[in-house]
Amino acid sequence: MTSQSSLPTQYFALQNFTFQNGDTLPSLRIAYKILNPHNSKIAVVHTCFKGRLDTTLTHANGVLKDHKIILIALLGNGESSSPSNTPSFPKTLEYTDCVNAQYELLTIELGIKEVDVMLGFSMGGQITYHWLATHPSFIKNAVIVCSSAKTSRHNFQFLEGPKAALENATSEPRGVRAFGKAYSAWLTSAEWFDEECYKGMGFERLRDWDDVVTVQGYEGWAGDDLLVLLGMWQRGDVARCLTSGDILDSALESIEAKVLLMPCETDQYFRPYVSQREVKSLKHGKVAVVPSIWGHIAGGGANQKDVGWMNGKISEFLRG
């Protein structure tokens with residue numbers, strides 16, 4: 001099967017796109033890839049925070065192998081239009097901006113009338129929630145991994161740390177490195193560090209893992225892109241998709257699709273109890289908690305055992 005990285009990145013251009021904050025760009029581009037192009041069932045997969053098209057877990061060789069997968073880069077990720085590649089890009093970006101642009105890509109450019117399954121991890125899960133609330137009849141099934149319908153106060157405050165490290169640095173390279181350092185301990189869990197799981201990734205010492213994750217892992221990333229994505233994450237709230245108010249339960253109750261919520265039991269960003277609370281307001285919702293000490297990044301494919309577990313649960317969900 002063709003590897004994800006060898007597939008060409010495609011671009012869809014929108015003219016005179018207006019953002020939720022009122023700003024308008026004369027031209028906006030959405031970057032995407034199409035995997036398994038000859039299949040008829042449609043899956044849409046989103047990138048996450050600091051996610052690129054080639055690093056996103058798609059399950060293209062697993063549970064979604066029989067689907068044509070439209071893999072879409074979030075605005076602000078450096079592949080789609082972003083502060084780093086688009087002059088006058090807005091300082092604030094919202095999930096609804098991404099949804100509005102992607103809707104034109106899927107319906108106008110690609111001629112898609114219905115999505116069989118939409119999948120997203122972390123910020124990809126949050127935009128999936130916003131899709132479900134904005135276009136309730138467009139998506140049949142959704143899989144939301146290590147995410148939530150609304151960013152918690154705890155998650156918001158955690159993000160203030162790396163944000164401050166970046167904004168107060170003496171140069172952008174130093175700021176991006178400081179951002180990575182401030183972010184790194186939140187990726188997994190205390191148990192992961194205690195059990196030295198970095199050794200299973202081929203790193204003999206913690207500082208070797210740290211160098212790859214906090215330095216090499218941020219190569220090519222612009223500080224302004226990280227900040228615009230972070231702001232969108234902090235403001236994430238599907239209740240804002242409703243014109244009638246700001247009640248989260250009402251937004252969740254409006255969702256028509258079948259939804260599988262997959263938190264990880266040790267995720268420090270998106271706690272499992274939040275998914276257990278959200279599912280009570282979903283018409284057709286289920287929760288499957290990933291049993292892993294890999295924390296948040298378990299949902300992004302960091303550990304193959306977790307990927308296999310998720311693959312099985314998603315397959316069971318789609319058959320139901």
# chains A, B, ... in the order shown; residues from 1 in each chain; ligands from 1
>>> residues_around(residues="range 284-291 of chain A", least_positions_apart="3", cutoff="7 Å", atoms="only C-alpha atoms", output="ChimeraX atom specification")
/A:257-265,272,275-276,279
>>> residues_around(residues="Asn85 in chain A", least_positions_apart="5", cutoff="10 Å", atoms="only C-alpha atoms", output="PyMOL selection string")
chain A and resi 76-80+222+225
>>> write_last_selection(atoms="all heavy atoms", output="short mmCIF file (atom, residue, chain, number, x, y, z; two decimals), in the first residue's frame")
data_model
loop_
_atom_site.label_atom_id
_atom_site.label_comp_id
_atom_site.auth_asym_id
_atom_site.auth_seq_id
_atom_site.Cartn_x
_atom_site.Cartn_y
_atom_site.Cartn_z
N GLY A 76 -3.62 27.19 10.12
CA GLY A 76 -2.66 27.55 11.15
C GLY A 76 -1.55 26.54 11.36
O GLY A 76 -0.61 26.80 12.11
N ASN A 77 -1.61 25.36 10.69
CA ASN A 77 -0.62 24.32 10.97
C ASN A 77 0.64 24.44 10.12
O ASN A 77 1.54 23.61 10.22
CB ASN A 77 -1.23 22.92 10.79
CG ASN A 77 -1.10 22.39 9.38
OD1 ASN A 77 -1.27 23.15 8.40
ND2 ASN A 77 -0.81 21.10 9.24
N GLY A 78 0.74 25.45 9.28
CA GLY A 78 1.92 25.65 8.45
C GLY A 78 1.82 25.00 7.09
O GLY A 78 2.65 25.27 6.21
N GLU A 79 0.80 24.15 6.87
CA GLU A 79 0.56 23.54 5.56
C GLU A 79 -0.64 24.20 4.88
O GLU A 79 -0.56 24.66 3.75
CB GLU A 79 0.35 22.03 5.72
CG GLU A 79 1.59 21.32 6.22
CD GLU A 79 1.36 19.84 6.53
OE1 GLU A 79 0.33 19.53 7.18
OE2 GLU A 79 2.20 19.02 6.16
N SER A 80 -1.77 24.24 5.59
CA SER A 80 -2.86 25.11 5.16
C SER A 80 -2.45 26.55 5.46
O SER A 80 -1.42 26.80 6.08
CB SER A 80 -4.15 24.75 5.91
OG SER A 80 -4.66 23.49 5.50
N ALA A 222 6.88 27.64 13.18
CA ALA A 222 6.94 29.07 13.44
C ALA A 222 6.17 29.39 14.71
O ALA A 222 5.11 28.81 14.97
CB ALA A 222 6.34 29.84 12.26
N ASP A 225 2.51 30.39 14.27
CA ASP A 225 1.60 29.27 13.97
C ASP A 225 1.21 28.55 15.25
O ASP A 225 0.04 28.21 15.46
CB ASP A 225 2.26 28.28 13.01
CG ASP A 225 2.43 28.84 11.60
OD1 ASP A 225 1.94 29.95 11.34
OD2 ASP A 225 3.06 28.17 10.77
#
>>> select_by_dssp(residues="range 143-311 of chain A", states="strand (DSSP E or B)", output="list in words")
Val143, Ile144, Val145, Lys150, Asp237, Lys258, Val259, Leu260, Leu261, Met262, Cys264, Gly285, Lys286, Val287 and Val290 of chain A
>>> closest_residue(among="A:Thr24, A:Ser152, A:Leu318, A:Ala239", to="Ser88 in chain A", atoms="only C-alpha atoms")
A:Thr24
>>> select_by_dssp(residues="range 193-287 of chain A", states="helix (DSSP H, G or I)", output="PyMOL selection string")
chain A and resi 193-194+197-201+206-214+216-218+223-234+238-241+248-253+272-281
>>> residues_around(residues="Val115 in chain A", least_positions_apart="3", cutoff="12 Å", atoms="only C-alpha atoms", output="PyMOL selection string")
chain A and resi 40-45+67-70+103+106-107+110-112+118-119+128+131-132+135-142+257
>>> closest_residue(among="A:Asn61, A:Ser27, A:Ser315, A:Ser184", to="Val143 in chain A", atoms="only C-alpha atoms")
A:Ser315
>>> closest_residue(among="A:Leu7, A:Leu226, A:Ala133, A:Ala178", to="Thr214 in chain A", atoms="only C-alpha atoms")
A:Ala178
>>> closest_residue(among="A:Val145, A:Leu242, A:Ile247, A:Val176", to="Trp221 in chain A", atoms="only C-alpha atoms")
A:Val176
>>> atom_distance(atom1="CA of Leu75 in chain A", atom2="CA of Ser3 in chain A")
23.7 Å
>>> atom_distance(atom1="CA of Gln4 in chain A", atom2="CA of Leu53 in chain A")
8.3 Å
>>> residues_around(residues="Asp211 in chain A", least_positions_apart="5", cutoff="12 Å", atoms="only C-alpha atoms", output="PDB file with N, CA, C and O atoms, in the first residue's frame")
ATOM      1  N   ARG A 177      11.816  26.717  21.341  1.00  0.00           N
ATOM      2  CA  ARG A 177      12.447  25.692  22.171  1.00  0.00           C
ATOM      3  C   ARG A 177      11.881  25.728  23.590  1.00  0.00           C
ATOM      4  O   ARG A 177      11.595  24.684  24.191  1.00  0.00           O
ATOM      5  N   GLY A 180       8.513  24.100  23.656  1.00  0.00           N
ATOM      6  CA  GLY A 180       8.609  22.642  23.676  1.00  0.00           C
ATOM      7  C   GLY A 180       8.963  22.095  25.044  1.00  0.00           C
ATOM      8  O   GLY A 180       8.432  21.067  25.478  1.00  0.00           O
ATOM      9  N   LYS A 181       9.861  22.774  25.750  1.00  0.00           N
ATOM     10  CA  LYS A 181      10.242  22.332  27.096  1.00  0.00           C
ATOM     11  C   LYS A 181       9.058  22.413  28.055  1.00  0.00           C
ATOM     12  O   LYS A 181       8.799  21.493  28.833  1.00  0.00           O
ATOM     13  N   SER A 184       6.466  19.580  27.260  1.00  0.00           N
ATOM     14  CA  SER A 184       6.869  18.177  27.148  1.00  0.00           C
ATOM     15  C   SER A 184       6.346  17.268  28.259  1.00  0.00           C
ATOM     16  O   SER A 184       5.934  16.131  27.989  1.00  0.00           O
ATOM     17  N   TYR A 198      10.427   5.850  27.738  1.00  0.00           N
ATOM     18  CA  TYR A 198      11.230   6.399  26.648  1.00  0.00           C
ATOM     19  C   TYR A 198      12.285   5.399  26.180  1.00  0.00           C
ATOM     20  O   TYR A 198      12.720   5.440  25.027  1.00  0.00           O
ATOM     21  N   PHE A 203      15.497   5.358  23.389  1.00  0.00           N
ATOM     22  CA  PHE A 203      16.294   6.373  24.069  1.00  0.00           C
ATOM     23  C   PHE A 203      16.844   5.798  25.374  1.00  0.00           C
ATOM     24  O   PHE A 203      16.079   5.354  26.231  1.00  0.00           O
ATOM     25  N   ARG A 205      18.529   7.489  27.707  1.00  0.00           N
ATOM     26  CA  ARG A 205      18.389   8.456  28.802  1.00  0.00           C
ATOM     27  C   ARG A 205      17.226   9.406  28.530  1.00  0.00           C
ATOM     28  O   ARG A 205      16.871   9.659  27.373  1.00  0.00           O
ATOM     29  N   LEU A 206      16.658   9.939  29.593  1.00  0.00           N
ATOM     30  CA  LEU A 206      15.552  10.872  29.459  1.00  0.00           C
ATOM     31  C   LEU A 206      15.966  12.093  28.638  1.00  0.00           C
ATOM     32  O   LEU A 206      15.190  12.596  27.825  1.00  0.00           O
ATOM     33  N   GLN A 216      14.288  18.782  18.264  1.00  0.00           N
ATOM     34  CA  GLN A 216      14.085  18.305  16.898  1.00  0.00           C
ATOM     35  C   GLN A 216      12.604  18.282  16.510  1.00  0.00           C
ATOM     36  O   GLN A 216      12.246  18.529  15.359  1.00  0.00           O
ATOM     37  N   GLY A 217      11.743  17.985  17.484  1.00  0.00           N
ATOM     38  CA  GLY A 217      10.321  17.898  17.204  1.00  0.00           C
ATOM     39  C   GLY A 217       9.674  19.217  16.832  1.00  0.00           C
ATOM     40  O   GLY A 217       8.538  19.236  16.335  1.00  0.00           O
ATOM     41  N   TYR A 218      10.365  20.321  17.065  1.00  0.00           N
ATOM     42  CA  TYR A 218       9.818  21.636  16.738  1.00  0.00           C
ATOM     43  C   TYR A 218      10.523  22.288  15.553  1.00  0.00           C
ATOM     44  O   TYR A 218      10.238  23.438  15.228  1.00  0.00           O
ATOM     45  N   GLU A 219      11.421  21.552  14.912  1.00  0.00           N
ATOM     46  CA  GLU A 219      12.099  22.106  13.735  1.00  0.00           C
ATOM     47  C   GLU A 219      11.078  22.399  12.643  1.00  0.00           C
ATOM     48  O   GLU A 219      10.211  21.581  12.334  1.00  0.00           O
TER      49      GLU A 219
END
>>> atom_distance(atom1="CA of Ile30 in chain A", atom2="CA of Cys98 in chain A")
9.0 Å
>>> residues_around(residues="Asn21 in chain A", least_positions_apart="2", cutoff="10 Å", atoms="only C-alpha atoms", output="JSON, numbers by chain")
{"A": [18, 19, 23, 24, 90, 91, 92, 93, 94, 97]}
>>> write_last_selection(atoms="all heavy atoms", output="PDB file, in the first residue's frame")
ATOM      1  N   THR A  18     -13.946  35.096   4.694  1.00  0.00           N
ATOM      2  CA  THR A  18     -14.149  35.922   5.884  1.00  0.00           C
ATOM      3  C   THR A  18     -14.137  35.050   7.135  1.00  0.00           C
ATOM      4  O   THR A  18     -14.865  34.055   7.218  1.00  0.00           O
ATOM      5  CB  THR A  18     -15.475  36.687   5.806  1.00  0.00           C
ATOM      6  OG1 THR A  18     -15.460  37.541   4.654  1.00  0.00           O
ATOM      7  CG2 THR A  18     -15.678  37.554   7.051  1.00  0.00           C
ATOM      8  N   PHE A  19     -13.319  35.438   8.095  1.00  0.00           N
ATOM      9  CA  PHE A  19     -13.185  34.724   9.352  1.00  0.00           C
ATOM     10  C   PHE A  19     -14.246  35.175  10.342  1.00  0.00           C
ATOM     11  O   PHE A  19     -14.884  36.217  10.171  1.00  0.00           O
ATOM     12  CB  PHE A  19     -11.791  34.948   9.941  1.00  0.00           C
ATOM     13  CG  PHE A  19     -10.686  34.324   9.148  1.00  0.00           C
ATOM     14  CD1 PHE A  19     -10.192  34.942   8.010  1.00  0.00           C
ATOM     15  CD2 PHE A  19     -10.130  33.110   9.541  1.00  0.00           C
ATOM     16  CE1 PHE A  19      -9.166  34.361   7.273  1.00  0.00           C
ATOM     17  CE2 PHE A  19      -9.103  32.529   8.812  1.00  0.00           C
ATOM     18  CZ  PHE A  19      -8.624  33.154   7.669  1.00  0.00           C
ATOM     19  N   ASP A  23     -12.188  39.489   9.866  1.00  0.00           N
ATOM     20  CA  ASP A  23     -11.105  39.661   8.903  1.00  0.00           C
ATOM     21  C   ASP A  23     -11.395  38.879   7.620  1.00  0.00           C
ATOM     22  O   ASP A  23     -12.011  37.813   7.655  1.00  0.00           O
ATOM     23  CB  ASP A  23      -9.784  39.160   9.483  1.00  0.00           C
ATOM     24  CG  ASP A  23      -9.259  40.028  10.616  1.00  0.00           C
ATOM     25  OD1 ASP A  23      -9.829  41.113  10.827  1.00  0.00           O
ATOM     26  OD2 ASP A  23      -8.307  39.612  11.295  1.00  0.00           O
ATOM     27  N   THR A  24     -10.926  39.406   6.501  1.00  0.00           N
ATOM     28  CA  THR A  24     -11.097  38.746   5.205  1.00  0.00           C
ATOM     29  C   THR A  24      -9.751  38.611   4.519  1.00  0.00           C
ATOM     30  O   THR A  24      -8.958  39.549   4.505  1.00  0.00           O
ATOM     31  CB  THR A  24     -12.057  39.531   4.298  1.00  0.00           C
ATOM     32  OG1 THR A  24     -13.352  39.591   4.906  1.00  0.00           O
ATOM     33  CG2 THR A  24     -12.204  38.859   2.938  1.00  0.00           C
ATOM     34  N   PRO A  90      -5.158  36.342  10.143  1.00  0.00           N
ATOM     35  CA  PRO A  90      -5.721  36.875  11.398  1.00  0.00           C
ATOM     36  C   PRO A  90      -4.951  36.437  12.640  1.00  0.00           C
ATOM     37  O   PRO A  90      -4.367  35.348  12.680  1.00  0.00           O
ATOM     38  CB  PRO A  90      -7.146  36.296  11.417  1.00  0.00           C
ATOM     39  CG  PRO A  90      -7.456  36.009   9.987  1.00  0.00           C
ATOM     40  CD  PRO A  90      -6.158  35.611   9.355  1.00  0.00           C
ATOM     41  N   LYS A  91      -4.995  37.268  13.653  1.00  0.00           N
ATOM     42  CA  LYS A  91      -4.356  36.939  14.928  1.00  0.00           C
ATOM     43  C   LYS A  91      -5.162  35.915  15.714  1.00  0.00           C
ATOM     44  O   LYS A  91      -4.626  35.218  16.570  1.00  0.00           O
ATOM     45  CB  LYS A  91      -4.179  38.207  15.773  1.00  0.00           C
ATOM     46  CG  LYS A  91      -3.234  39.232  15.168  1.00  0.00           C
ATOM     47  CD  LYS A  91      -1.803  38.710  15.114  1.00  0.00           C
ATOM     48  CE  LYS A  91      -0.853  39.796  14.616  1.00  0.00           C
ATOM     49  NZ  LYS A  91       0.543  39.271  14.487  1.00  0.00           N
ATOM     50  N   THR A  92      -6.470  35.868  15.457  1.00  0.00           N
ATOM     51  CA  THR A  92      -7.318  34.885  16.120  1.00  0.00           C
ATOM     52  C   THR A  92      -7.985  33.997  15.084  1.00  0.00           C
ATOM     53  O   THR A  92      -8.398  34.458  14.019  1.00  0.00           O
ATOM     54  CB  THR A  92      -8.403  35.557  16.989  1.00  0.00           C
ATOM     55  OG1 THR A  92      -9.232  36.381  16.167  1.00  0.00           O
ATOM     56  CG2 THR A  92      -7.777  36.360  18.100  1.00  0.00           C
ATOM     57  N   LEU A  93      -8.083  32.724  15.420  1.00  0.00           N
ATOM     58  CA  LEU A  93      -8.620  31.705  14.528  1.00  0.00           C
ATOM     59  C   LEU A  93      -9.567  30.839  15.340  1.00  0.00           C
ATOM     60  O   LEU A  93      -9.297  30.549  16.511  1.00  0.00           O
ATOM     61  CB  LEU A  93      -7.463  30.866  13.970  1.00  0.00           C
ATOM     62  CG  LEU A  93      -7.765  29.687  13.055  1.00  0.00           C
ATOM     63  CD1 LEU A  93      -8.390  30.167  11.751  1.00  0.00           C
ATOM     64  CD2 LEU A  93      -6.467  28.916  12.760  1.00  0.00           C
ATOM     65  N   GLU A  94     -10.682  30.430  14.730  1.00  0.00           N
ATOM     66  CA  GLU A  94     -11.664  29.619  15.430  1.00  0.00           C
ATOM     67  C   GLU A  94     -11.911  28.315  14.677  1.00  0.00           C
ATOM     68  O   GLU A  94     -11.721  28.235  13.469  1.00  0.00           O
ATOM     69  CB  GLU A  94     -12.992  30.374  15.581  1.00  0.00           C
ATOM     70  CG  GLU A  94     -12.871  31.756  16.206  1.00  0.00           C
ATOM     71  CD  GLU A  94     -12.379  31.749  17.642  1.00  0.00           C
ATOM     72  OE1 GLU A  94     -12.398  30.673  18.277  1.00  0.00           O
ATOM     73  OE2 GLU A  94     -11.964  32.814  18.138  1.00  0.00           O
ATOM     74  N   ASP A  97     -14.032  28.622  11.672  1.00  0.00           N
ATOM     75  CA  ASP A  97     -13.342  29.052  10.452  1.00  0.00           C
ATOM     76  C   ASP A  97     -12.841  27.840   9.676  1.00  0.00           C
ATOM     77  O   ASP A  97     -12.999  27.756   8.447  1.00  0.00           O
ATOM     78  CB  ASP A  97     -12.162  29.963  10.789  1.00  0.00           C
ATOM     79  CG  ASP A  97     -12.576  31.264  11.447  1.00  0.00           C
ATOM     80  OD1 ASP A  97     -13.614  31.827  11.055  1.00  0.00           O
ATOM     81  OD2 ASP A  97     -11.865  31.722  12.360  1.00  0.00           O
TER      82      ASP A  97
END
>>> decode(residues="range 144-170 of chain A", atoms="N, CA, C and O atoms", output="compact mmCIF listing (two decimals), in the first residue's frame")
# COMPACT_ATOMS: atom_id res chain seq x y z
N ILE A 144 -13.87 10.52 18.26
CA ILE A 144 -13.20 11.66 18.89
C ILE A 144 -12.24 11.11 19.94
O ILE A 144 -12.65 10.52 20.93
N VAL A 145 -10.94 11.30 19.69
CA VAL A 145 -9.89 10.65 20.48
C VAL A 145 -9.15 11.68 21.34
O VAL A 145 -8.64 12.68 20.82
N CYS A 146 -9.09 11.42 22.65
CA CYS A 146 -8.35 12.29 23.57
C CYS A 146 -8.68 13.75 23.33
O CYS A 146 -7.81 14.57 22.99
N SER A 147 -9.95 14.09 23.53
CA SER A 147 -10.41 15.43 23.22
C SER A 147 -11.62 15.76 24.08
O SER A 147 -11.97 15.03 25.00
N SER A 148 -12.26 16.89 23.77
CA SER A 148 -13.46 17.30 24.50
C SER A 148 -14.23 18.31 23.69
O SER A 148 -13.70 18.94 22.76
N ALA A 149 -15.51 18.48 24.05
CA ALA A 149 -16.36 19.44 23.36
C ALA A 149 -16.06 20.88 23.77
O ALA A 149 -16.38 21.82 23.05
N LYS A 150 -15.44 21.04 24.94
CA LYS A 150 -15.08 22.36 25.44
C LYS A 150 -13.77 22.26 26.19
O LYS A 150 -13.58 21.35 27.00
N THR A 151 -12.86 23.17 25.91
CA THR A 151 -11.57 23.16 26.60
C THR A 151 -11.77 23.53 28.07
O THR A 151 -12.38 24.55 28.38
N SER A 152 -11.25 22.70 28.94
CA SER A 152 -11.43 22.91 30.38
C SER A 152 -10.58 24.08 30.87
O SER A 152 -9.60 24.49 30.23
N ARG A 153 -10.91 24.58 32.04
CA ARG A 153 -10.12 25.65 32.65
C ARG A 153 -8.69 25.16 32.95
O ARG A 153 -7.73 25.90 32.81
N HIS A 154 -8.58 23.89 33.37
CA HIS A 154 -7.27 23.33 33.66
C HIS A 154 -6.43 23.26 32.39
O HIS A 154 -5.24 23.62 32.39
N ASN A 155 -7.03 22.80 31.30
CA ASN A 155 -6.33 22.72 30.01
C ASN A 155 -5.93 24.13 29.54
O ASN A 155 -4.81 24.35 29.06
N PHE A 156 -6.85 25.07 29.68
CA PHE A 156 -6.58 26.46 29.31
C PHE A 156 -5.35 26.98 30.06
O PHE A 156 -4.44 27.58 29.47
N GLN A 157 -5.32 26.74 31.37
CA GLN A 157 -4.23 27.28 32.18
C GLN A 157 -2.91 26.60 31.86
O GLN A 157 -1.86 27.27 31.86
N PHE A 158 -2.93 25.29 31.61
CA PHE A 158 -1.70 24.62 31.20
C PHE A 158 -1.10 25.28 29.98
O PHE A 158 0.12 25.52 29.90
N LEU A 159 -1.94 25.61 29.00
CA LEU A 159 -1.45 26.20 27.76
C LEU A 159 -0.87 27.60 27.95
O LEU A 159 -0.06 28.06 27.14
N GLU A 160 -1.27 28.26 29.04
CA GLU A 160 -0.70 29.57 29.32
C GLU A 160 0.80 29.48 29.59
O GLU A 160 1.54 30.45 29.35
N GLY A 161 1.28 28.33 30.09
CA GLY A 161 2.71 28.17 30.39
C GLY A 161 3.58 28.19 29.15
O GLY A 161 4.45 29.07 29.01
N PRO A 162 3.39 27.25 28.21
CA PRO A 162 4.20 27.31 26.99
C PRO A 162 3.97 28.58 26.19
O PRO A 162 4.90 29.07 25.53
N LYS A 163 2.76 29.10 26.24
CA LYS A 163 2.48 30.37 25.54
C LYS A 163 3.37 31.49 26.09
O LYS A 163 4.01 32.24 25.32
N ALA A 164 3.46 31.61 27.41
CA ALA A 164 4.29 32.64 28.03
C ALA A 164 5.76 32.43 27.72
O ALA A 164 6.51 33.39 27.50
N ALA A 165 6.20 31.17 27.70
CA ALA A 165 7.60 30.86 27.39
C ALA A 165 7.96 31.34 25.99
O ALA A 165 9.05 31.87 25.75
N LEU A 166 7.04 31.16 25.06
CA LEU A 166 7.28 31.57 23.67
C LEU A 166 7.24 33.09 23.53
O LEU A 166 8.12 33.70 22.92
N GLU A 167 6.23 33.70 24.12
CA GLU A 167 6.03 35.13 23.91
C GLU A 167 7.09 35.99 24.61
O GLU A 167 7.35 37.12 24.19
N ASN A 168 7.72 35.46 25.67
CA ASN A 168 8.68 36.26 26.43
C ASN A 168 10.13 35.93 26.12
O ASN A 168 11.04 36.44 26.78
N ALA A 169 10.36 35.10 25.13
CA ALA A 169 11.73 34.74 24.75
C ALA A 169 12.40 35.89 23.99
O ALA A 169 11.73 36.74 23.40
N THR A 170 13.73 35.88 23.99
CA THR A 170 14.47 36.96 23.32
C THR A 170 14.55 36.77 21.82
O THR A 170 14.91 37.70 21.10
